[in-house]
$ cat protein-v1.cif   # mmCIF, C-alpha atoms
data_upload
loop_
_atom_site.label_atom_id
_atom_site.label_comp_id
_atom_site.auth_asym_id
_atom_site.auth_seq_id
_atom_site.Cartn_x
_atom_site.Cartn_y
_atom_site.Cartn_z
CA MET E 1 -21.56 -27.92 -4.40
CA ARG E 2 -21.92 -25.09 -1.88
CA ASN E 3 -20.43 -21.76 -3.08
CA PHE E 4 -19.26 -23.42 -6.31
CA ASN E 5 -19.54 -20.22 -8.35
CA ILE E 6 -17.43 -18.01 -6.09
CA LYS E 7 -14.91 -20.82 -5.53
CA ALA E 8 -14.45 -21.07 -9.30
CA ILE E 9 -13.89 -17.30 -9.45
CA LEU E 10 -11.19 -17.52 -6.77
CA PHE E 11 -9.44 -20.26 -8.75
CA LEU E 12 -9.58 -18.20 -11.96
CA ASN E 13 -8.24 -15.05 -10.29
CA TYR E 14 -5.37 -17.00 -8.77
CA PHE E 15 -4.65 -18.58 -12.15
CA VAL E 16 -4.32 -15.19 -13.87
CA PHE E 17 -1.96 -13.78 -11.26
CA ALA E 18 0.07 -16.98 -11.11
CA ILE E 19 1.03 -16.42 -14.75
CA LEU E 20 1.80 -12.74 -14.31
CA LEU E 21 3.73 -13.00 -11.05
CA ASN E 22 5.85 -15.97 -11.94
CA SER E 23 6.77 -14.75 -15.39
CA VAL E 24 9.55 -12.83 -13.62
CA GLY E 25 12.03 -15.70 -14.14
CA THR E 26 11.33 -15.75 -17.87
CA VAL E 27 11.50 -11.96 -18.10
CA ILE E 28 14.82 -11.89 -16.22
CA LEU E 29 16.26 -14.34 -18.75
CA GLN E 30 14.87 -12.32 -21.68
CA MET E 31 16.16 -9.03 -20.27
CA GLN E 32 19.67 -10.47 -20.28
CA GLN E 33 19.27 -11.51 -23.92
CA ASN E 34 17.22 -8.59 -25.30
CA PHE E 35 18.83 -5.68 -23.47
CA GLY E 36 22.14 -7.06 -22.13
CA ILE E 37 21.07 -6.57 -18.50
CA SER E 38 23.32 -8.27 -15.92
CA LYS E 39 21.98 -10.94 -13.55
CA SER E 40 22.29 -8.70 -10.49
CA SER E 41 20.53 -5.82 -12.28
CA ALA E 42 17.78 -8.04 -13.67
CA SER E 43 17.15 -9.52 -10.22
CA VAL E 44 15.68 -6.19 -9.05
CA LEU E 45 12.53 -7.06 -11.00
CA GLU E 46 11.69 -9.36 -8.10
CA GLY E 47 11.86 -6.33 -5.82
CA PHE E 48 9.66 -4.25 -8.11
CA LYS E 49 7.11 -7.06 -7.83
CA ASP E 50 7.42 -7.98 -4.17
CA LEU E 51 7.97 -4.63 -2.45
CA PRO E 52 4.70 -3.12 -3.78
CA ILE E 53 3.01 -6.33 -2.61
CA ALA E 54 4.47 -5.85 0.87
CA ILE E 55 3.75 -2.11 1.11
CA CYS E 56 0.19 -2.29 -0.20
CA SER E 57 -0.63 -5.34 1.92
CA PHE E 58 0.57 -3.54 5.03
CA ILE E 59 -1.51 -0.45 4.23
CA LEU E 60 -4.68 -2.17 3.01
CA ALA E 61 -4.96 -5.33 5.11
CA SER E 62 -6.76 -3.97 8.16
CA PHE E 63 -9.52 -2.14 6.30
CA LEU E 64 -9.77 -3.92 2.95
CA PRO E 65 -13.15 -5.45 3.96
CA ARG E 66 -14.48 -1.88 4.13
CA ILE E 67 -13.40 -1.34 0.51
CA GLY E 68 -15.04 -4.64 -0.34
CA ILE E 69 -13.49 -8.01 -1.16
CA LYS E 70 -15.13 -8.13 -4.59
CA ASN E 71 -14.34 -4.48 -5.36
CA SER E 72 -10.69 -5.00 -4.46
CA MET E 73 -10.36 -7.93 -6.84
CA LEU E 74 -12.07 -5.98 -9.63
CA ILE E 75 -9.65 -3.06 -9.19
CA ALA E 76 -6.69 -5.45 -9.35
CA LEU E 77 -7.91 -7.13 -12.54
CA PHE E 78 -8.61 -3.78 -14.20
CA LEU E 79 -5.07 -2.51 -13.48
CA VAL E 80 -3.27 -5.57 -14.83
CA SER E 81 -5.54 -5.73 -17.89
CA CYS E 82 -4.54 -2.17 -18.85
CA MET E 83 -0.83 -2.85 -18.28
CA CYS E 84 -0.86 -6.08 -20.31
CA PHE E 85 -2.22 -4.24 -23.34
CA VAL E 86 0.66 -1.73 -23.05
CA MET E 87 3.50 -4.29 -22.83
CA PRO E 88 3.64 -5.36 -26.51
CA PHE E 89 4.80 -1.81 -27.27
CA SER E 90 7.54 -1.76 -24.58
CA SER E 91 11.10 -1.09 -25.66
CA ALA E 92 13.11 -0.52 -22.45
CA PHE E 93 13.85 -2.15 -19.10
CA TRP E 94 11.79 0.39 -17.14
CA PHE E 95 8.58 -0.87 -18.78
CA PHE E 96 9.10 -4.19 -17.04
CA LYS E 97 9.81 -2.51 -13.72
CA LEU E 98 6.47 -0.69 -14.07
CA LEU E 99 4.71 -3.90 -15.11
CA PHE E 100 5.82 -5.83 -12.07
CA ALA E 101 5.13 -2.89 -9.75
CA ILE E 102 1.51 -2.81 -10.96
CA VAL E 103 1.26 -6.60 -10.83
CA GLY E 104 2.58 -6.42 -7.25
CA VAL E 105 0.02 -3.83 -6.13
CA SER E 106 -2.77 -5.77 -7.81
CA PHE E 107 -1.70 -9.10 -6.34
CA ALA E 108 -1.73 -7.58 -2.86
CA LEU E 109 -5.41 -6.81 -3.40
CA ILE E 110 -6.11 -10.23 -4.90
CA LYS E 111 -4.29 -12.38 -2.35
CA ILE E 112 -5.71 -10.65 0.72
CA SER E 113 -9.17 -10.85 -0.84
CA VAL E 114 -8.80 -14.53 -1.78
CA PHE E 115 -7.39 -15.58 1.60
CA THR E 116 -10.17 -13.67 3.36
CA SER E 117 -12.81 -15.25 1.11
CA ILE E 118 -11.73 -18.82 1.92
CA GLY E 119 -13.21 -18.48 5.39
CA LEU E 120 -16.51 -17.43 3.79
CA VAL E 121 -16.81 -20.43 1.48
CA THR E 122 -15.64 -23.19 3.85
CA GLU E 123 -17.17 -24.44 7.11
CA THR E 124 -14.57 -26.53 8.99
CA ASP E 125 -10.84 -26.31 9.67
CA LYS E 126 -10.16 -29.42 7.55
CA GLU E 127 -12.25 -28.06 4.68
CA HIS E 128 -10.35 -24.79 5.00
CA ALA E 129 -6.99 -26.60 4.84
CA SER E 130 -8.10 -28.77 1.93
CA PHE E 131 -9.44 -25.85 -0.12
CA MET E 132 -6.27 -23.86 0.60
CA GLY E 133 -4.17 -26.75 -0.69
CA PHE E 134 -6.20 -27.12 -3.87
CA LEU E 135 -6.22 -23.35 -4.45
CA GLU E 136 -2.44 -23.10 -4.06
CA GLY E 137 -2.12 -26.13 -6.31
CA PHE E 138 -4.16 -24.42 -9.01
CA PHE E 139 -1.91 -21.37 -8.59
CA MET E 140 0.98 -23.58 -9.63
CA VAL E 141 -1.04 -24.86 -12.59
CA GLY E 142 -1.16 -21.19 -13.62
CA VAL E 143 2.62 -20.95 -13.22
CA LEU E 144 3.02 -24.05 -15.38
CA ALA E 145 0.64 -22.72 -18.04
CA GLY E 146 2.45 -19.37 -17.99
CA ASN E 147 5.85 -20.93 -18.60
CA VAL E 148 4.50 -23.03 -21.46
CA LEU E 149 2.71 -20.00 -22.92
CA PHE E 150 5.83 -17.82 -22.80
CA SER E 151 7.98 -20.58 -24.31
CA LEU E 152 5.67 -20.72 -27.35
CA PHE E 153 6.51 -17.09 -28.15
CA ILE E 154 10.31 -17.47 -27.73
CA ASP E 155 12.56 -17.41 -30.81
CA ASP E 156 15.48 -19.74 -30.02
CA HIS E 157 17.26 -18.73 -33.22
CA ASN E 158 17.24 -15.00 -32.46
CA PRO E 159 17.98 -14.14 -28.80
CA LYS E 160 17.40 -10.45 -29.51
CA SER E 161 13.87 -11.02 -30.83
CA THR E 162 11.09 -9.26 -28.90
CA HIS E 163 8.32 -11.33 -30.51
CA TRP E 164 7.70 -12.88 -27.09
CA LEU E 165 6.10 -9.61 -25.93
CA ASN E 166 3.00 -10.56 -27.92
CA VAL E 167 2.18 -13.00 -25.13
CA TYR E 168 0.80 -10.02 -23.20
CA TRP E 169 -2.13 -9.75 -25.64
CA VAL E 170 -3.19 -13.20 -24.44
CA LEU E 171 -2.66 -12.31 -20.78
CA GLY E 172 -4.62 -9.08 -21.18
CA ALA E 173 -7.56 -10.96 -22.68
CA LEU E 174 -7.43 -13.51 -19.84
CA SER E 175 -7.47 -10.71 -17.25
CA VAL E 176 -10.50 -9.09 -18.88
CA LEU E 177 -12.31 -12.44 -18.90
CA SER E 178 -11.62 -12.91 -15.19
CA PHE E 179 -12.85 -9.35 -14.52
CA LEU E 180 -16.16 -10.03 -16.30
CA PHE E 181 -16.79 -13.34 -14.49
CA LEU E 182 -16.18 -11.68 -11.12
CA PHE E 183 -18.25 -8.59 -11.97
CA PHE E 184 -21.36 -10.71 -12.52
CA SER E 185 -20.86 -12.90 -9.41
CA LYS E 186 -22.16 -12.34 -5.88
CA LEU E 187 -20.20 -12.67 -2.63
CA ASN E 188 -21.62 -12.28 0.88
CA GLU E 189 -18.91 -10.38 2.79
CA SER E 190 -20.77 -9.70 6.05
CA GLU E 191 -18.82 -12.21 8.18
CA VAL E 192 -15.43 -10.59 7.55
CA LYS E 193 -16.61 -7.20 8.74
CA SER E 194 -16.38 -6.31 12.40
CA GLU E 195 -19.47 -4.26 13.18
CA LYS E 196 -18.13 -3.36 16.63
CA THR E 197 -15.14 -1.32 15.47
CA ASP E 198 -14.31 1.63 13.31
CA LEU E 199 -11.23 1.94 11.09
CA LEU E 200 -8.98 2.71 14.08
CA GLY E 201 -10.34 -0.36 15.84
CA ASP E 202 -9.59 -2.50 12.78
CA ILE E 203 -5.99 -1.27 12.78
CA LYS E 204 -5.66 -2.05 16.50
CA ASN E 205 -7.01 -5.55 15.87
CA SER E 206 -4.40 -6.04 13.16
CA ILE E 207 -1.57 -4.88 15.42
CA SER E 208 -2.83 -7.19 18.17
CA LEU E 209 -1.89 -10.18 16.00
CA PHE E 210 1.76 -9.51 16.83
CA SER E 211 1.02 -10.28 20.48
CA TYR E 212 0.61 -13.97 19.66
CA LYS E 213 3.81 -16.01 19.64
CA LYS E 214 2.22 -18.49 17.23
CA VAL E 215 1.65 -15.68 14.73
CA LEU E 216 5.26 -14.50 15.05
CA PHE E 217 6.68 -17.97 14.39
CA PHE E 218 4.24 -18.43 11.53
CA LEU E 219 5.43 -15.20 9.91
CA LEU E 220 9.02 -16.40 10.23
CA CYS E 221 8.01 -19.69 8.56
CA ALA E 222 6.26 -17.85 5.71
CA PHE E 223 9.28 -15.59 5.20
CA LEU E 224 11.75 -18.49 5.12
CA PHE E 225 9.61 -20.65 2.86
CA VAL E 226 9.05 -18.00 0.19
CA LEU E 227 12.73 -17.03 0.35
CA VAL E 228 13.57 -20.59 -0.77
CA GLU E 229 10.62 -21.03 -3.13
CA GLN E 230 11.13 -17.81 -5.09
CA SER E 231 14.87 -18.33 -5.46
CA PHE E 232 14.17 -21.65 -7.20
CA GLN E 233 11.21 -20.46 -9.27
CA THR E 234 12.88 -17.24 -10.42
CA TRP E 235 16.30 -18.65 -11.28
CA THR E 236 15.46 -22.08 -12.70
CA PRO E 237 15.24 -20.80 -16.33
CA THR E 238 18.64 -19.08 -16.04
CA PHE E 239 20.12 -22.16 -14.33
CA TYR E 240 19.00 -24.36 -17.22
CA LYS E 241 20.25 -21.93 -19.85
CA GLU E 242 23.69 -21.18 -18.37
CA ILE E 243 24.56 -24.23 -16.26
CA LEU E 244 22.86 -27.06 -18.17
CA LYS E 245 23.26 -25.29 -21.55
CA VAL E 246 19.83 -26.18 -22.95
CA PRO E 247 17.93 -24.01 -25.50
CA THR E 248 16.10 -20.92 -24.19
CA SER E 249 12.61 -22.28 -24.85
CA MET E 250 13.51 -25.50 -23.02
CA SER E 251 14.89 -23.44 -20.11
CA ILE E 252 11.54 -21.71 -19.76
CA GLN E 253 9.69 -25.01 -20.11
CA ALA E 254 11.81 -26.30 -17.20
CA GLY E 255 10.09 -23.61 -15.15
CA ALA E 256 6.80 -25.14 -16.29
CA VAL E 257 7.94 -28.60 -15.13
CA LEU E 258 8.90 -27.09 -11.77
CA ALA E 259 5.47 -25.46 -11.56
CA GLY E 260 3.83 -28.77 -12.47
CA ALA E 261 5.69 -30.46 -9.62
CA PHE E 262 4.54 -27.68 -7.29
CA ALA E 263 0.96 -28.07 -8.49
CA LEU E 264 0.99 -31.83 -7.89
CA GLY E 265 2.52 -31.33 -4.44
CA ARG E 266 -0.11 -28.78 -3.46
CA PHE E 267 -3.02 -30.83 -4.78
CA LEU E 268 -1.69 -33.75 -2.74
CA SER E 269 -1.44 -31.45 0.30
CA GLY E 270 -5.18 -30.86 -0.07
CA PHE E 271 -5.62 -34.61 0.31
CA PHE E 272 -3.03 -35.29 3.01
CA SER E 273 -4.23 -32.36 5.16
CA LYS E 274 -7.39 -34.42 5.80
CA LYS E 275 -5.36 -37.46 6.88
CA PHE E 276 -2.34 -36.18 8.81
CA SER E 277 -1.37 -33.38 11.17
CA TRP E 278 0.10 -30.41 9.30
CA ILE E 279 3.40 -30.53 11.21
CA TYR E 280 4.10 -34.08 9.96
CA VAL E 281 3.44 -33.00 6.38
CA VAL E 282 5.65 -29.91 6.69
CA SER E 283 8.50 -31.77 8.42
CA PHE E 284 8.51 -34.55 5.81
CA CYS E 285 8.58 -32.01 2.97
CA VAL E 286 11.39 -29.86 4.40
CA VAL E 287 13.64 -32.84 5.15
CA GLY E 288 12.84 -34.48 1.81
CA PHE E 289 13.60 -31.31 -0.15
CA ALA E 290 16.89 -30.76 1.68
CA ILE E 291 17.98 -34.34 0.91
CA SER E 292 17.00 -33.94 -2.75
CA ILE E 293 19.20 -30.83 -3.03
CA LEU E 294 22.18 -32.77 -1.71
CA LEU E 295 21.53 -35.64 -4.12
CA VAL E 296 20.54 -33.80 -7.30
CA LEU E 297 22.76 -30.69 -7.47
CA PRO E 298 26.06 -32.68 -7.67
CA LEU E 299 24.72 -34.25 -10.88
CA THR E 300 24.65 -30.82 -12.58
CA HIS E 301 28.45 -30.39 -12.43
CA ASN E 302 30.52 -30.99 -15.58
CA ILE E 303 27.49 -31.99 -17.61
CA ASN E 304 27.70 -32.01 -21.42
CA ILE E 305 24.50 -31.34 -23.34
CA SER E 306 24.48 -31.10 -27.14
CA ALA E 307 22.84 -28.29 -29.09
CA GLY E 308 20.10 -30.64 -30.31
CA THR E 309 18.98 -31.66 -26.82
CA ASN E 310 15.24 -31.76 -26.14
CA TRP E 311 12.90 -33.34 -23.59
CA LEU E 312 13.07 -36.69 -25.37
CA ASN E 313 16.85 -37.14 -25.15
CA ALA E 314 17.96 -35.01 -22.17
CA PRO E 315 20.09 -36.41 -19.30
CA LEU E 316 18.30 -37.59 -16.15
CA VAL E 317 19.25 -34.52 -14.10
CA VAL E 318 17.32 -32.27 -16.49
CA TYR E 319 14.15 -33.98 -15.27
CA LEU E 320 15.12 -34.45 -11.63
CA PHE E 321 15.93 -30.82 -10.81
CA PRO E 322 12.45 -29.33 -11.30
CA LEU E 323 10.70 -32.36 -9.81
CA MET E 324 12.15 -31.39 -6.41
CA GLY E 325 9.45 -28.72 -6.29
CA GLY E 326 6.89 -31.41 -5.49
CA LEU E 327 8.42 -31.79 -2.03
CA LEU E 328 8.56 -28.06 -1.34
CA ALA E 329 5.00 -27.34 -2.49
CA PRO E 330 2.76 -28.52 0.39
CA ILE E 331 4.49 -26.37 3.02
CA TYR E 332 2.97 -22.97 2.20
CA PRO E 333 -0.74 -23.89 2.08
CA SER E 334 -0.34 -26.03 5.20
CA ILE E 335 1.07 -23.29 7.42
CA ASN E 336 -1.25 -20.62 5.97
CA SER E 337 -4.36 -22.67 6.64
CA VAL E 338 -3.29 -23.46 10.20
CA ILE E 339 -2.86 -19.82 11.17
CA LEU E 340 -6.01 -18.58 9.43
CA ALA E 341 -8.11 -21.31 11.02
CA SER E 342 -6.71 -20.29 14.44
CA ILE E 343 -8.13 -16.75 14.45
CA PRO E 344 -11.62 -15.15 14.13
CA LYS E 345 -12.87 -14.51 10.59
CA TYR E 346 -12.93 -10.73 11.03
CA LEU E 347 -9.13 -10.87 11.48
CA HIS E 348 -8.54 -12.96 8.35
CA SER E 349 -8.01 -9.87 6.18
CA ALA E 350 -5.38 -8.50 8.56
CA MET E 351 -3.67 -11.89 8.84
CA ALA E 352 -3.72 -12.32 5.06
CA GLY E 353 -2.06 -8.94 4.75
CA LEU E 354 0.75 -10.01 7.08
CA ILE E 355 1.15 -13.26 5.13
CA VAL E 356 1.54 -11.31 1.90
CA VAL E 357 3.94 -8.77 3.44
CA PHE E 358 6.34 -11.32 4.89
CA SER E 359 6.07 -13.56 1.83
CA ALA E 360 6.90 -10.64 -0.45
CA ILE E 361 9.92 -9.62 1.62
CA GLY E 362 11.15 -13.23 1.68
CA GLY E 363 10.71 -13.54 -2.09
CA THR E 364 12.64 -10.35 -2.79
CA ILE E 365 15.56 -11.23 -0.52
CA GLY E 366 15.68 -14.81 -1.83
CA SER E 367 15.78 -13.75 -5.48
CA ILE E 368 18.37 -11.00 -4.99
CA VAL E 369 20.69 -13.15 -2.85
CA THR E 370 20.41 -16.06 -5.28
CA GLY E 371 21.11 -13.76 -8.24
CA PHE E 372 24.19 -12.33 -6.52
CA VAL E 373 25.63 -15.73 -5.56
CA PHE E 374 24.78 -17.10 -9.01
CA GLU E 375 26.72 -14.28 -10.69
CA GLU E 376 29.69 -14.18 -8.30
CA PHE E 377 30.12 -17.92 -7.68
CA SER E 378 27.92 -20.53 -9.38
CA GLY E 379 24.33 -21.62 -9.83
CA GLN E 380 24.91 -24.73 -7.72
CA GLN E 381 26.24 -22.74 -4.77
CA ALA E 382 23.28 -20.36 -5.05
CA PHE E 383 20.87 -23.25 -4.55
CA TYR E 384 22.97 -25.01 -1.89
CA LEU E 385 22.53 -21.81 0.13
CA SER E 386 18.83 -22.66 0.58
CA LEU E 387 19.79 -25.35 3.12
CA ILE E 388 20.25 -22.59 5.73
CA PRO E 389 16.71 -21.16 5.61
CA LEU E 390 15.31 -24.71 5.31
CA SER E 391 16.94 -25.63 8.62
CA LEU E 392 15.50 -22.53 10.29
CA LEU E 393 12.10 -23.26 8.74
CA ILE E 394 11.68 -26.71 10.26
CA VAL E 395 12.72 -25.47 13.71
CA SER E 396 10.24 -22.55 13.50
CA ALA E 397 7.44 -24.84 12.32
CA ILE E 398 7.96 -27.26 15.21
CA ILE E 399 7.84 -24.41 17.73
CA MET E 400 4.73 -22.99 16.02
CA SER E 401 2.97 -26.37 16.28
CA LYS E 402 3.33 -26.33 20.07
CA LEU E 403 1.81 -22.87 20.53
CA LYS E 404 -1.88 -22.04 20.92
CA ILE E 405 -4.00 -18.96 20.19
CA ASN E 406 -6.90 -17.94 22.39
CA PRO E 407 -9.31 -16.25 19.94
CA LYS E 408 -11.01 -14.34 22.75
CA LYS E 409 -7.80 -12.62 23.84
#

$ encode --input "protein-v1.cif" --output "structure tokens"
Amino acid sequence: MRNFNIKAILFLNYFVFAILLNSVGTVILQMQQNFGISKSSASVLEGFKDLPIAICSFILASFLPRIGIKNSMLIALFLVSCMCFVMPFSSAFWFFKLLFAIVGVSFALIKISVFTSIGLVTETDKEHASFMGFLEGFFMVGVLAGNVLFSLFIDDHNPKSTHWLNVYWVLGALSVLSFLFLFFSKLNESEVKSEKTDLLGDIKNSISLFSYKKVLFFLLCAFLFVLVEQSFQTWTPTFYKEILKVPTSMSIQAGAVLAGAFALGRFLSGFFSKKFSWIYVVSFCVVGFAISILLVLPLTHNINISAGTNWLNAPLVVYLFPLMGGLLAPIYPSINSVILASIPKYLHSAMAGLIVVFSAIGGTIGSIVTGFVFEEFSGQQAFYLSLIPLSLLIVSAIIMSKLKINPKK
């Protein structure tokens, strides 16, 4: 298979950061139990993760190819490896703020590099869309694996136990392994460099992206999607613990089931993107997810679950809630692939930076708003709120599908 080695490296890097990034839901739950942090206070961890992603992406996107795609990924892996080996010794909330800030900076480097690299290892628009779908699907496999991994270190009988911090030894070792594989791999980066411009020219090229209406509507779509996605991913463990009253380890495993549904949905998007127009896939998923919210959330009211509940004897709604993620999953890779395939390869780094920036902002706002509504009202109302951005998302996607980009502009 062409470029098999570097493709495998991209999958591995995404896998590592999927675990680190999406552990925020688990950490929020553990902060409430270990340190007595309130929901609204714990929700700021999403900001410590996403705002550094947004800031660094904005600063680095236009000239990251000059730093080097491979070098950028190596720097990111080195930073998170060091931080993971510090975390088992953490004893205060600020350690976790620092962790997610470093993870955020590092992921900015990784995601821009990975998105830019896709254009180097694929040849056609359909291959680009398919690889994007499979890559995002594998990201969710990482989220699933991370939730399962964290749940294995949780002590259900002692909520104050910090034994779960030992999971960071495993994550540190995984990061080092990814660093070594990448270090000894080769990547031809010549196509993503514009030989005709200097750094100032690269910045001007990046700014020029805002002149395209299709890009503007895409950025709105990315913002709205991640706002919904992160609110569900981050708050599912807390929802299971406090609304459904299941054990802590099972609450975290519910996040793994949600991630598994996302992974399946994104792998399927890699298949369906070869068969159907992206706008049909996105429209079906948005409408289907909205309907599932209206059907499933009412089942979580006045539910009685015994202390001995597990995955073998849980009520139906315990399984249905995370499975909704399968409908939401194909949207992100579909819209990302469409916009990247619409522009010249030397602008992919800049476009990837904008994707990361607007995704990070959407994720932060979604998590904080959901945390506030969850605390002040109820978990159900917090998730019902997602119907508003979903409505705006489908309208924006339809408008985006009707717009064209002239790459020579």

$ atom_distance --input "protein-v1.cif" --atom1 "atom CA of E:Ala18" --atom2 "atom CA of E:Thr248"
21.1 Å

$ closest_atom_pairs --input "protein-v1.cif" --of "stretch 87-148 of chain E" --to "stretch 335-359 of chain E" --cutoff "7 Å" --atoms "all atoms listed in the file" --output "CSV"
residue,atom,partner,partner_atom,distance
E:Ala108,CA,E:Val356,CA,6.9
E:Ile112,CA,E:Ala352,CA,5.1
E:Phe115,CA,E:Ala352,CA,6.0
E:Thr116,CA,E:Ser349,CA,5.2
E:Gly119,CA,E:Lys345,CA,6.6
E:Asp125,CA,E:Ala341,CA,5.9
E:His128,CA,E:Ser337,CA,6.6
E:Ala129,CA,E:Ser337,CA,5.1
E:Met132,CA,E:Ser337,CA,6.4

$ closest_residue --input "protein-v1.cif" --among "E:Leu323, E:Leu45, E:Val228, E:Leu99" --to "E:Leu29" --atoms "all atoms listed in the file"
E:Leu45

$ atom_distance --input "protein-v1.cif" --atom1 "atom CA of E:Ala8" --atom2 "atom CA of E:Phe267"
15.7 Å

$ residues_around --input "protein-v1.cif" --residues "stretch 303-307 of chain E" --least-positions-apart "6" --cutoff "8 Å" --atoms "all atoms listed in the file" --output "list in words"
Leu244, Lys245, Val246, Pro247, Ala314 and Pro315 of chain E

$ resolve_selection --input "protein-v1.cif" --expression "the PyMOL selection byres ((chain E and resi 87) around 12)" --output "PyMOL selection string"
chain E and resi 80-86+88-100+162-172

$ closest_residue --input "protein-v1.cif" --among "E:Lys160, E:Lys274, E:Lys70, E:Lys402" --to "E:Thr124" --atoms "only C-alpha atoms"
E:Lys274

$ closest_residue --input "protein-v1.cif" --among "E:Asn147, E:Ser211, E:Ser113, E:Ser57" --to "E:Ile19" --atoms "all atoms listed in the file"
E:Asn147

$ residues_near_point --input "protein-v1.cif" --point "(4.4, -11.2, -3.6)" --cutoff "10 Å" --atoms "all atoms listed in the file" --output "NGL selection string"
:E and (21-22 or 46-54 or 57 or 103-108 or 111 or 226 or 230 or 355-364)

$ closest_residue --input "protein-v1.cif" --among "E:Phe150, E:Phe225, E:Phe217, E:Phe139" --to "E:Val16" --atoms "all atoms listed in the file"
E:Phe139

$ atom_distance --input "protein-v1.cif" --atom1 "atom CA of E:Ile118" --atom2 "atom CA of E:Ile399"
25.8 Å

$ resolve_selection --input "protein-v1.cif" --expression "the PyMOL selection byres ((chain E and resi 262-264) around 6)" --output "PyMOL selection string"
chain E and resi 137+140-141+259-261+265-267+325-326+329

$ write_last_selection --input "protein-v1.cif" --atoms "C-alpha atoms" --output "PDB file, keeping the file's coordinate frame"
ATOM      1  CA  GLY E 137      -2.120 -26.130  -6.310  1.00  0.00           C
ATOM      2  CA  MET E 140       0.980 -23.580  -9.630  1.00  0.00           C
ATOM      3  CA  VAL E 141      -1.040 -24.860 -12.590  1.00  0.00           C
ATOM      4  CA  ALA E 259       5.470 -25.460 -11.560  1.00  0.00           C
ATOM      5  CA  GLY E 260       3.830 -28.770 -12.470  1.00  0.00           C
ATOM      6  CA  ALA E 261       5.690 -30.460  -9.620  1.00  0.00           C
ATOM      7  CA  GLY E 265       2.520 -31.330  -4.440  1.00  0.00           C
ATOM      8  CA  ARG E 266      -0.110 -28.780  -3.460  1.00  0.00           C
ATOM      9  CA  PHE E 267      -3.020 -30.830  -4.780  1.00  0.00           C
ATOM     10  CA  GLY E 325       9.450 -28.720  -6.290  1.00  0.00           C
ATOM     11  CA  GLY E 326       6.890 -31.410  -5.490  1.00  0.00           C
ATOM     12  CA  ALA E 329       5.000 -27.340  -2.490  1.00  0.00           C
TER      13      ALA E 329
END

$ closest_residue --input "protein-v1.cif" --among "E:Val281, E:Glu123, E:Ser117, E:Leu182" --to "E:Phe78" --atoms "all atoms listed in the file"
E:Leu182

$ axis_aligned_box --input "protein-v1.cif" --around "stretch 265-284 of chain E" --padding-each-side "6 Å" --output "AutoDock Vina command-line options"
--center_x 0.6 --center_y -33.1 --center_z 3.2 --size_x 27.9 --size_y 20.7 --size_z 28.0

$ decode --input "protein-v1.cif" --residues "stretch 357-388 of chain E" --atoms "C-alpha atoms" --output "PDB file, in the first residue's frame"
ATOM      1  CA  VAL E 357      -9.112  27.087  16.177  1.00  0.00           C
ATOM      2  CA  PHE E 358     -12.858  27.076  15.563  1.00  0.00           C
ATOM      3  CA  SER E 359     -13.211  23.495  16.803  1.00  0.00           C
ATOM      4  CA  ALA E 360     -11.400  24.369  20.019  1.00  0.00           C
ATOM      5  CA  ILE E 361     -13.565  27.434  20.640  1.00  0.00           C
ATOM      6  CA  GLY E 362     -16.710  25.397  19.970  1.00  0.00           C
ATOM      7  CA  GLY E 363     -15.562  22.647  22.329  1.00  0.00           C
ATOM      8  CA  THR E 364     -14.818  25.081  25.144  1.00  0.00           C
ATOM      9  CA  ILE E 365     -18.134  26.919  24.858  1.00  0.00           C
ATOM     10  CA  GLY E 366     -20.083  23.661  24.547  1.00  0.00           C
ATOM     11  CA  SER E 367     -18.513  22.124  27.647  1.00  0.00           C
ATOM     12  CA  ILE E 368     -18.855  25.234  29.816  1.00  0.00           C
ATOM     13  CA  VAL E 369     -22.477  25.909  28.806  1.00  0.00           C
ATOM     14  CA  THR E 370     -23.405  22.260  29.320  1.00  0.00           C
ATOM     15  CA  GLY E 371     -21.700  22.231  32.737  1.00  0.00           C
ATOM     16  CA  PHE E 372     -23.557  25.372  33.800  1.00  0.00           C
ATOM     17  CA  VAL E 373     -26.983  24.130  32.667  1.00  0.00           C
ATOM     18  CA  PHE E 374     -26.265  20.701  34.177  1.00  0.00           C
ATOM     19  CA  GLU E 375     -25.495  22.270  37.564  1.00  0.00           C
ATOM     20  CA  GLU E 376     -28.274  24.878  37.580  1.00  0.00           C
ATOM     21  CA  PHE E 377     -31.077  22.836  35.989  1.00  0.00           C
ATOM     22  CA  SER E 378     -30.599  19.188  34.985  1.00  0.00           C
ATOM     23  CA  GLY E 379     -28.502  16.896  32.823  1.00  0.00           C
ATOM     24  CA  GLN E 380     -31.424  16.281  30.479  1.00  0.00           C
ATOM     25  CA  GLN E 381     -31.973  19.988  29.838  1.00  0.00           C
ATOM     26  CA  ALA E 382     -28.247  20.431  29.218  1.00  0.00           C
ATOM     27  CA  PHE E 383     -28.387  17.901  26.383  1.00  0.00           C
ATOM     28  CA  TYR E 384     -31.745  19.094  25.015  1.00  0.00           C
ATOM     29  CA  LEU E 385     -29.990  22.434  24.482  1.00  0.00           C
ATOM     30  CA  SER E 386     -27.907  20.844  21.702  1.00  0.00           C
ATOM     31  CA  LEU E 387     -30.969  20.918  19.412  1.00  0.00           C
ATOM     32  CA  ILE E 388     -30.312  24.638  18.813  1.00  0.00           C
TER      33      ILE E 388
END
